[in-house]
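> This is my_file.csv, which holds CSV, C-alpha atoms:
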chain,number,residue,atom,x,y,z
A,1,MET,CA,-50.0,-42.7,-17.7
A,2,ILE,CA,-49.5,-39.0,-18.2
A,3,LYS,CA,-51.8,-37.4,-20.7
A,4,LEU,CA,-51.8,-34.0,-22.2
A,5,PRO,CA,-52.5,-31.2,-21.6
A,6,LEU,CA,-50.9,-31.4,-18.1
A,7,PRO,CA,-53.4,-30.5,-15.3
A,8,LYS,CA,-50.6,-29.5,-12.9
A,9,PRO,CA,-47.3,-28.9,-14.7
A,10,GLU,CA,-44.1,-28.7,-12.6
A,11,PRO,CA,-41.6,-26.8,-14.7
A,12,ASP,CA,-38.0,-26.8,-13.5
A,13,ALA,CA,-35.7,-24.5,-15.4
A,14,LYS,CA,-32.7,-25.3,-13.1
A,15,LYS,CA,-33.1,-29.0,-13.8
A,16,PHE,CA,-33.3,-28.3,-17.5
A,17,VAL,CA,-30.0,-26.4,-17.3
A,18,ASP,CA,-28.4,-29.2,-15.3
A,19,VAL,CA,-29.4,-31.8,-17.9
A,20,ILE,CA,-28.0,-29.7,-20.7
A,21,THR,CA,-24.7,-29.2,-18.9
A,22,GLY,CA,-24.4,-32.9,-17.9
A,23,LYS,CA,-24.7,-32.2,-14.1
A,24,LEU,CA,-27.9,-34.4,-13.9
A,25,ILE,CA,-28.9,-37.6,-15.7
A,26,PRO,CA,-32.7,-37.6,-15.6
A,27,GLU,CA,-35.1,-40.6,-15.7
A,28,ARG,CA,-37.1,-38.9,-18.4
A,29,PRO,CA,-36.1,-36.2,-21.0
A,30,PRO,CA,-36.8,-32.5,-20.7
A,31,LEU,CA,-38.7,-31.2,-23.6
A,32,ILE,CA,-37.4,-28.7,-26.2
A,33,GLU,CA,-38.6,-26.9,-29.3
A,34,LEU,CA,-37.2,-24.0,-31.2
A,35,PHE,CA,-40.8,-23.1,-31.5
A,36,LEU,CA,-44.3,-24.3,-32.2
A,37,ASP,CA,-45.8,-22.7,-35.3
A,38,TYR,CA,-48.2,-19.9,-34.5
A,39,GLU,CA,-51.1,-21.9,-35.9
A,40,VAL,CA,-50.3,-24.9,-33.6
A,41,VAL,CA,-50.2,-22.6,-30.6
A,42,ARG,CA,-53.6,-21.1,-31.6
A,43,GLU,CA,-55.1,-24.6,-32.2
A,44,ILE,CA,-54.0,-25.9,-28.8
A,45,SER,CA,-55.0,-22.7,-26.9
A,46,ARG,CA,-58.4,-22.4,-28.5
A,47,ASN,CA,-59.5,-26.0,-29.1
A,48,VAL,CA,-57.6,-28.0,-26.5
A,49,LEU,CA,-57.2,-25.6,-23.5
A,50,GLY,CA,-60.5,-23.8,-24.3
A,51,ARG,CA,-59.1,-20.4,-23.9
A,52,GLN,CA,-60.4,-17.3,-25.6
A,53,TRP,CA,-57.9,-16.6,-28.5
A,54,ILE,CA,-56.9,-13.1,-29.2
A,55,GLU,CA,-55.1,-12.3,-32.4
A,56,PRO,CA,-52.1,-10.1,-31.8
A,57,GLU,CA,-52.6,-6.7,-33.5
A,58,ASP,CA,-50.6,-3.5,-33.4
A,59,ASP,CA,-52.0,-2.5,-30.0
A,60,ILE,CA,-50.1,-3.7,-26.8
A,61,GLU,CA,-53.2,-5.0,-25.1
A,62,SER,CA,-54.0,-7.6,-27.8
A,63,GLN,CA,-50.3,-8.6,-27.8
A,64,LYS,CA,-50.3,-9.1,-24.0
A,65,LYS,CA,-53.3,-11.4,-24.3
A,66,TYR,CA,-51.6,-13.3,-27.1
A,67,TYR,CA,-48.5,-13.9,-25.0
A,68,LEU,CA,-50.6,-15.0,-22.0
A,69,ASN,CA,-52.2,-17.6,-24.2
A,70,SER,CA,-48.9,-18.7,-25.8
A,71,ILE,CA,-47.2,-19.0,-22.4
A,72,GLU,CA,-50.1,-21.2,-21.1
A,73,VAL,CA,-49.7,-23.6,-24.1
A,74,TYR,CA,-46.0,-24.2,-23.4
A,75,TYR,CA,-46.7,-24.5,-19.7
A,76,LYS,CA,-49.5,-27.0,-20.1
A,77,MET,CA,-47.4,-29.0,-22.7
A,78,GLY,CA,-44.7,-29.6,-20.1
A,79,TYR,CA,-41.9,-27.2,-21.2
A,80,ASP,CA,-39.4,-25.8,-18.6
A,81,PHE,CA,-38.8,-22.6,-20.6
A,82,TYR,CA,-40.4,-20.1,-22.9
A,83,ARG,CA,-38.4,-18.8,-25.9
A,84,ILE,CA,-38.7,-15.1,-26.8
A,85,THR,CA,-37.7,-13.8,-30.2
A,86,GLY,CA,-37.3,-10.5,-31.8
A,87,ALA,CA,-37.6,-7.0,-30.3
A,88,THR,CA,-39.5,-3.9,-31.1
A,89,GLY,CA,-37.6,-2.2,-33.9
A,90,TYR,CA,-35.5,-5.2,-34.7
A,91,VAL,CA,-36.3,-6.0,-38.4
A,92,PHE,CA,-34.0,-6.9,-41.3
A,93,THR,CA,-36.1,-6.3,-44.4
A,94,GLY,CA,-35.5,-8.3,-47.6
A,95,ASN,CA,-37.2,-10.0,-50.6
A,96,THR,CA,-39.5,-13.0,-50.3
A,97,ARG,CA,-41.3,-15.4,-52.5
A,98,GLN,CA,-44.9,-16.3,-51.8
A,99,GLY,CA,-47.2,-19.2,-52.4
A,100,THR,CA,-50.4,-20.7,-51.1
A,101,ASP,CA,-50.1,-22.5,-47.8
A,102,THR,CA,-51.8,-25.9,-48.1
A,103,ALA,CA,-50.9,-27.0,-44.5
A,104,MET,CA,-53.4,-28.6,-42.1
A,105,PHE,CA,-53.6,-25.3,-40.2
A,106,SER,CA,-53.1,-23.0,-43.1
A,107,ARG,CA,-51.9,-19.4,-42.7
A,108,GLY,CA,-53.1,-18.6,-46.2
A,109,THR,CA,-49.8,-17.5,-47.6
A,110,ARG,CA,-46.4,-19.1,-47.1
A,111,TYR,CA,-43.2,-17.2,-47.5
A,112,TRP,CA,-39.8,-18.4,-48.7
A,113,ALA,CA,-36.4,-16.6,-48.8
A,114,GLU,CA,-35.5,-15.1,-52.2
A,115,GLU,CA,-32.6,-17.2,-53.4
A,116,LYS,CA,-31.5,-15.1,-56.3
A,117,LYS,CA,-31.0,-11.4,-55.3
A,118,GLY,CA,-31.7,-9.5,-52.1
A,119,PRO,CA,-31.7,-5.7,-51.5
A,120,ILE,CA,-27.8,-5.5,-51.2
A,121,SER,CA,-25.5,-6.0,-54.2
A,122,SER,CA,-23.3,-2.9,-54.0
A,123,TRP,CA,-21.9,-0.3,-51.6
A,124,GLU,CA,-24.6,2.1,-52.7
A,125,ASP,CA,-27.2,-0.5,-51.6
A,126,PHE,CA,-25.3,-1.0,-48.3
A,127,GLU,CA,-25.5,2.7,-47.5
A,128,LYS,CA,-29.2,3.0,-48.4
A,129,TYR,CA,-30.3,-0.1,-46.5
A,130,PRO,CA,-32.5,0.6,-43.4
A,131,TRP,CA,-30.3,-1.1,-40.8
A,132,PRO,CA,-31.9,-1.8,-37.4
A,133,ASP,CA,-30.7,0.6,-34.8
A,134,PRO,CA,-30.0,-1.1,-31.4
A,135,LYS,CA,-30.6,2.2,-29.6
A,136,LYS,CA,-34.2,1.9,-30.7
A,137,PHE,CA,-34.9,-1.7,-29.7
A,138,GLY,CA,-37.9,-2.1,-27.4
A,139,PHE,CA,-38.2,-5.0,-24.9
A,140,TRP,CA,-41.5,-4.3,-23.2
A,141,TYR,CA,-42.9,-7.8,-23.9
A,142,TYR,CA,-39.7,-9.4,-22.4
A,143,ASP,CA,-40.5,-7.8,-19.1
A,144,PHE,CA,-44.2,-8.7,-19.4
A,145,ILE,CA,-43.4,-12.4,-20.2
A,146,SER,CA,-40.9,-12.6,-17.4
A,147,LYS,CA,-43.4,-11.2,-14.9
A,148,ASN,CA,-46.2,-13.5,-16.1
A,149,LEU,CA,-44.2,-16.7,-16.5
A,150,PRO,CA,-45.4,-19.6,-14.2
A,151,ASP,CA,-43.1,-20.4,-11.3
A,152,GLY,CA,-40.3,-22.7,-12.3
A,153,MET,CA,-40.2,-21.7,-16.0
A,154,GLY,CA,-37.1,-20.0,-17.4
A,155,ILE,CA,-36.5,-17.9,-20.5
A,156,LEU,CA,-34.4,-18.6,-23.6
A,157,VAL,CA,-34.0,-15.7,-26.1
A,158,CYS,CA,-33.0,-15.1,-29.7
A,159,PRO,CA,-33.4,-11.9,-31.7
A,160,SER,CA,-33.8,-13.3,-35.2
A,161,SER,CA,-32.4,-15.7,-37.8
A,162,GLY,CA,-28.6,-16.0,-37.6
A,163,PHE,CA,-25.2,-14.6,-38.5
A,164,LEU,CA,-25.2,-16.5,-41.8
A,165,GLU,CA,-29.0,-16.6,-42.5
A,166,ILE,CA,-29.6,-12.8,-42.5
A,167,PRO,CA,-26.9,-12.0,-45.1
A,168,LEU,CA,-27.6,-15.1,-47.1
A,169,ASP,CA,-31.4,-15.2,-47.0
A,170,THR,CA,-32.4,-11.6,-46.4
A,171,LEU,CA,-29.7,-9.2,-47.5
A,172,PHE,CA,-27.8,-10.7,-50.5
A,173,GLY,CA,-29.8,-13.7,-51.6
A,174,TYR,CA,-28.0,-17.1,-51.8
A,175,GLU,CA,-27.1,-16.9,-55.5
A,176,ASN,CA,-26.0,-13.3,-55.3
A,177,LEU,CA,-23.8,-14.0,-52.2
A,178,CYS,CA,-22.0,-16.8,-54.0
A,179,TYR,CA,-20.9,-14.3,-56.7
A,180,LEU,CA,-20.2,-11.5,-54.3
A,181,MET,CA,-17.9,-13.7,-52.2
A,182,TYR,CA,-15.5,-13.5,-55.1
A,183,ASP,CA,-16.4,-10.3,-56.9
A,184,GLN,CA,-16.7,-8.0,-53.8
A,185,PRO,CA,-15.3,-9.7,-50.8
A,186,ASP,CA,-14.9,-6.4,-49.0
A,187,LEU,CA,-18.6,-5.7,-49.3
A,188,VAL,CA,-19.5,-9.2,-48.1
A,189,ALA,CA,-17.1,-8.9,-45.1
A,190,GLU,CA,-18.7,-5.5,-44.1
A,191,VAL,CA,-22.3,-6.8,-44.3
A,192,PHE,CA,-21.4,-9.8,-42.1
A,193,ARG,CA,-19.6,-7.5,-39.6
A,194,ARG,CA,-22.6,-5.1,-39.5
A,195,VAL,CA,-25.1,-7.9,-39.0
A,196,GLY,CA,-22.9,-9.5,-36.3
A,197,GLU,CA,-22.7,-6.2,-34.4
A,198,ILE,CA,-26.4,-5.7,-34.4
A,199,ILE,CA,-27.2,-9.3,-33.2
A,200,TYR,CA,-24.5,-9.0,-30.5
A,201,ALA,CA,-25.9,-5.7,-29.3
A,202,TYR,CA,-29.2,-7.3,-28.7
A,203,TYR,CA,-27.7,-10.0,-26.6
A,204,GLU,CA,-25.7,-7.5,-24.6
A,205,MET,CA,-29.0,-5.5,-23.9
A,206,ILE,CA,-30.9,-8.6,-22.7
A,207,ILE,CA,-28.4,-9.6,-20.0
A,208,GLY,CA,-30.1,-9.2,-16.6
A,209,LEU,CA,-33.6,-10.2,-17.7
A,210,PRO,CA,-35.2,-12.0,-14.8
A,211,LYS,CA,-35.6,-15.8,-15.3
A,212,LEU,CA,-33.2,-15.7,-18.3
A,213,ILE,CA,-31.4,-19.1,-18.5
A,214,GLY,CA,-29.8,-18.9,-21.9
A,215,PHE,CA,-29.6,-17.9,-25.5
A,216,PHE,CA,-31.0,-20.2,-28.2
A,217,GLN,CA,-29.7,-18.9,-31.5
A,218,GLY,CA,-30.7,-20.3,-34.9
A,219,ASP,CA,-28.5,-20.2,-37.9
A,220,ASP,CA,-29.0,-22.7,-40.7
A,221,MET,CA,-25.7,-23.5,-42.3
A,222,GLY,CA,-26.1,-26.8,-44.1
A,223,PHE,CA,-28.1,-29.1,-46.3
A,224,LYS,CA,-28.2,-32.9,-46.6
A,225,THR,CA,-24.5,-33.4,-47.5
A,226,GLY,CA,-22.6,-30.4,-46.3
A,227,THR,CA,-22.5,-26.7,-45.5
A,228,LEU,CA,-24.2,-24.0,-47.6
A,229,VAL,CA,-21.0,-22.1,-48.1
A,230,PRO,CA,-17.4,-23.2,-47.7
A,231,PRO,CA,-16.4,-24.1,-44.1
A,232,GLU,CA,-13.5,-21.6,-44.3
A,233,PHE,CA,-16.0,-18.8,-45.1
A,234,LEU,CA,-18.0,-19.8,-42.0
A,235,ARG,CA,-14.9,-19.8,-39.9
A,236,THR,CA,-14.0,-16.3,-41.1
A,237,HIS,CA,-17.3,-14.5,-41.1
A,238,VAL,CA,-19.9,-16.5,-39.0
A,239,LEU,CA,-18.4,-18.7,-36.3
A,240,PRO,CA,-16.5,-15.9,-34.6
A,241,TRP,CA,-19.8,-14.1,-33.9
A,242,HIS,CA,-21.3,-17.3,-32.4
A,243,LYS,CA,-18.2,-17.6,-30.3
A,244,LYS,CA,-18.5,-14.1,-29.1
A,245,VAL,CA,-22.2,-14.5,-28.1
A,246,ALA,CA,-21.4,-17.9,-26.4
A,247,GLU,CA,-18.7,-16.2,-24.4
A,248,LEU,CA,-21.2,-13.5,-23.3
A,249,ALA,CA,-23.6,-16.2,-22.3
A,250,HIS,CA,-21.1,-18.2,-20.3
A,251,LYS,CA,-19.6,-15.1,-18.7
A,252,ASN,CA,-23.1,-14.5,-17.3
A,253,GLY,CA,-23.9,-18.0,-16.2
A,254,LEU,CA,-26.2,-18.7,-19.2
A,255,LEU,CA,-26.5,-21.5,-21.7
A,256,TYR,CA,-25.6,-21.1,-25.4
A,257,LEU,CA,-27.8,-23.4,-27.5
A,258,PHE,CA,-27.4,-23.6,-31.2
A,259,HIS,CA,-30.0,-24.5,-33.8
A,260,GLY,CA,-28.4,-25.3,-37.2
A,261,CYS,CA,-30.0,-27.3,-40.0
A,262,GLY,CA,-28.2,-29.6,-42.3
A,263,ASN,CA,-25.1,-31.7,-42.3
A,264,LEU,CA,-22.5,-29.7,-40.4
A,265,GLU,CA,-19.9,-32.4,-39.9
A,266,GLU,CA,-17.1,-30.2,-41.3
A,267,ILE,CA,-17.5,-27.6,-38.7
A,268,MET,CA,-18.8,-29.6,-35.7
A,269,SER,CA,-15.3,-29.5,-34.1
A,270,ASP,CA,-15.4,-25.7,-34.4
A,271,LEU,CA,-18.8,-25.4,-32.8
A,272,ILE,CA,-17.9,-27.7,-29.9
A,273,SER,CA,-14.2,-26.8,-29.2
A,274,ASP,CA,-14.0,-23.2,-30.4
A,275,VAL,CA,-17.5,-21.7,-30.2
A,276,LYS,CA,-18.2,-23.9,-27.2
A,277,ILE,CA,-22.0,-24.4,-27.8
A,278,ASP,CA,-23.7,-26.2,-24.9
A,279,GLY,CA,-26.1,-28.1,-27.2
A,280,ARG,CA,-27.1,-28.5,-30.8
A,281,HIS,CA,-30.6,-28.6,-32.2
A,282,SER,CA,-32.0,-29.6,-35.6
A,283,TYR,CA,-31.7,-33.1,-37.0
A,284,GLU,CA,-33.3,-35.1,-39.8
A,285,ASP,CA,-32.9,-38.8,-40.4
A,286,GLU,CA,-31.4,-38.5,-43.8
A,287,GLY,CA,-27.8,-37.2,-43.6
A,288,ASN,CA,-28.0,-35.7,-40.2
A,289,SER,CA,-29.7,-38.1,-37.7
A,290,VAL,CA,-30.0,-37.5,-34.0
A,291,VAL,CA,-28.8,-41.1,-33.4
A,292,ASP,CA,-25.5,-40.4,-35.1
A,293,ALA,CA,-25.2,-37.1,-33.3
A,294,LYS,CA,-25.7,-38.7,-29.9
A,295,ARG,CA,-23.1,-41.4,-30.6
A,296,LYS,CA,-20.5,-38.9,-31.9
A,297,TYR,CA,-21.0,-35.9,-29.7
A,298,GLY,CA,-23.3,-36.9,-26.8
A,299,ASP,CA,-20.4,-36.8,-24.4
A,300,LYS,CA,-19.4,-33.3,-25.4
A,301,ILE,CA,-22.6,-31.3,-25.9
A,302,ALA,CA,-26.3,-31.8,-25.3
A,303,ILE,CA,-28.3,-33.3,-28.2
A,304,LEU,CA,-31.6,-31.5,-28.6
A,305,GLY,CA,-34.8,-32.8,-30.3
A,306,GLY,CA,-34.3,-35.0,-33.3
A,307,ILE,CA,-37.8,-36.6,-34.1
A,308,ASP,CA,-37.7,-36.2,-37.9
A,309,VAL,CA,-40.4,-33.7,-38.9
A,310,ASP,CA,-41.4,-35.9,-41.9
A,311,LYS,CA,-42.1,-38.8,-39.6
A,312,LEU,CA,-43.8,-36.5,-37.1
A,313,ALA,CA,-46.1,-35.2,-39.9
A,314,ARG,CA,-46.9,-38.5,-41.7
A,315,MET,CA,-46.6,-41.5,-39.4
A,316,ASP,CA,-49.7,-42.9,-37.9
A,317,GLU,CA,-49.8,-42.5,-34.1
A,318,MET,CA,-48.9,-46.0,-33.1
A,319,HIS,CA,-45.8,-46.2,-35.3
A,320,LEU,CA,-44.8,-42.7,-34.3
A,321,ARG,CA,-44.9,-43.7,-30.6
A,322,LYS,CA,-42.7,-46.7,-31.3
A,323,HIS,CA,-40.3,-44.5,-33.2
A,324,VAL,CA,-40.0,-42.0,-30.4
A,325,LYS,CA,-39.5,-44.7,-27.9
A,326,LYS,CA,-36.7,-46.1,-30.0
A,327,ILE,CA,-35.0,-42.7,-30.2
A,328,LEU,CA,-35.3,-42.3,-26.5
A,329,ASP,CA,-33.8,-45.7,-25.8
A,330,ILE,CA,-30.7,-44.7,-27.8
A,331,CYS,CA,-30.3,-41.1,-26.8
A,332,MET,CA,-31.2,-41.1,-23.1
A,333,PRO,CA,-28.4,-43.2,-21.7
A,334,GLY,CA,-25.7,-40.9,-20.4
A,335,GLY,CA,-28.0,-37.9,-20.3
A,336,ARG,CA,-27.6,-34.6,-22.1
A,337,TYR,CA,-30.6,-35.2,-24.3
A,338,CYS,CA,-33.9,-33.3,-24.7
A,339,LEU,CA,-36.9,-34.6,-26.6
A,340,GLY,CA,-38.5,-32.6,-29.4
A,341,SER,CA,-39.0,-32.4,-33.1
A,342,GLY,CA,-36.1,-32.4,-35.4
A,343,ASN,CA,-36.8,-28.8,-36.4
A,344,THR,CA,-40.1,-27.2,-35.3
A,345,VAL,CA,-43.7,-28.3,-34.8
A,346,THR,CA,-45.0,-27.1,-38.1
A,347,ASN,CA,-48.5,-26.2,-39.0
A,348,TYR,CA,-48.7,-29.4,-41.1
A,349,VAL,CA,-48.0,-31.7,-38.1
A,350,PRO,CA,-51.2,-33.4,-36.8
A,351,ILE,CA,-51.9,-32.3,-33.2
A,352,LYS,CA,-52.4,-35.9,-32.1
A,353,ASN,CA,-48.9,-36.8,-33.4
A,354,TYR,CA,-47.3,-33.9,-31.6
A,355,PHE,CA,-49.1,-34.9,-28.4
A,356,ALA,CA,-48.0,-38.5,-28.9
A,357,MET,CA,-44.4,-37.5,-29.2
A,358,VAL,CA,-44.5,-35.4,-26.0
A,359,GLU,CA,-46.5,-38.0,-24.1
A,360,GLU,CA,-43.9,-40.6,-24.9
A,361,GLY,CA,-41.3,-38.4,-23.3
A,362,LEU,CA,-43.3,-37.6,-20.3
A,363,ASN,CA,-44.0,-41.3,-19.6
A,364,TYR,CA,-40.4,-42.4,-20.3
A,365,LYS,CA,-38.2,-43.9,-17.6
A,366,ILE,CA,-34.7,-45.2,-18.1
Translate this structure into structure tokens?

Amino acid sequence: MIKLPLPKPEPDAKKFVDVITGKLIPERPPLIELFLDYEVVREISRNVLGRQWIEPEDDIESQKKYYLNSIEVYYKMGYDFYRITGATGYVFTGNTRQGTDTAMFSRGTRYWAEEKKGPISSWEDFEKYPWPDPKKFGFWYYDFISKNLPDGMGILVCPSSGFLEIPLDTLFGYENLCYLMYDQPDLVAEVFRRVGEIIYAYYEMIIGLPKLIGFFQGDDMGFKTGTLVPPEFLRTHVLPWHKKVAELAHKNGLLYLFHGCGNLEEIMSDLISDVKIDGRHSYEDEGNSVVDAKRKYGDKIAILGGIDVDKLARMDEMHLRKHVKKILDICMPGGRYCLGSGNTVTNYVPIKNYFAMVEEGLNYKI
């Protein structure tokens, strides 16, 4: 039986890509996560791998040591890729709400998006807003990671939250956007256009990075029973940007993986047939289950992750292992499935449960 951490991992980014695209049906599933919470990476690095943990500060040397530790965690946990986010100078500033983080591996303070009103409500706000300048983006750590990635591992990239999330969560605020959609549609359209151009510029600049295998863009668009804004609004202001980035990826032989929370049934045909995503990530058992997704769309796109975070956090290990095995038995036939959490491995997920999920995947055979 394979146990974690892996003493001699054998990452294979090409095989990962072939599974996503349906060229290969594997005996066991590749692993995937949008990310492991920072605190989870720190816990594994320090207390499982026994590495000297260095907190990343403003200086480049501490950041390099952090990335080396982080890479080692993903490598020893059996992933075929490392996902890089952000870029120096790439920041959309907005309002947040704060509260005490009571998680198992607490970060002290937890932040939520401000739902009522963000920094933009008028054209004057738009003009004053400190928009990120693509000409000033810095990618030093992309090159550093690429050069220090273990043989066989690939890179997935994503600059930030998505084409809907940044306007909704950061710039307008959800409630404010709902009013402005009708009161100032020209302002709304221009903000979405500006955000889209900035995100797209990042992707254009990252083409050619050694070991790059694809883009893995997040953009939460739904909740338990539907989309956060009307589907037609998404088709006008959001999905065209995803399509443009997907076309850029495919033109350069790269994957376009999409992370989108919630029930997106009303736009799944758009994501598959028009945007042409290669795979979708983010599922929860209530209203958006990975089992339903596999049955409906498993012959069209890759189904990614799907172990409900609530179960991952609260089930005892024995029952969790049985649950993971059940999901694998349903989702593995036909291929185009990768195992992972339904969203992310949060800092309130017990490490033993996370390990149990991954071990079930590593030991699985069709």
> May I ask for the distance between atom CA of Tyr283 of chain A and atom CA of Pro167 of chain A, given in Å to one decimal place?
23.1 Å
> Could you tell me how far atom CA of Ile32 of chain A sits from atom CA of Ser161 of chain A, in Å to one decimal place?
18.1 Å
> Which residues come within 8 Å of segment 134-151 of chain A, counting all atoms listed in the file, excluding same-chain residues fewer than 4 positions away, as a PyMOL selection string?
chain A and resi 11+64+67-68+71+75+84+87-90+155+198+201-202+209-211
> With only C-alpha atoms as the basis for distance, which of A:Met181, A:Ala13, A:Met315, A:Val324 is at the shortest distance from Val229 of chain A?
A:Met181
> Could you please determine the separation between atom CA of Pro26 of chain A and atom CA of Asp278 of chain A in Å, to one decimal place?
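Atom-to-atom, atom CA of Pro26 of chain A and atom CA of Asp278 of chain A are spaced 17.2 Å apart.
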> Taking 4 positions as the minimum chain separation for residues in the same chain, which residues sit within 12 Å of Lys15 of chain A when counting only C-alpha atoms? Answer as a ChimeraX atom specification.
/A:10-11,19-31,79-81,152-154,213,336,338
> Taking into account all atoms listed in the file, which residue in the set A:Leu168, A:Ile44, A:Met1, A:Met268 is nearest to Pro350 of chain A?
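Ranked by minimum distance to Pro350 of chain A, first place goes to A:Ile44.
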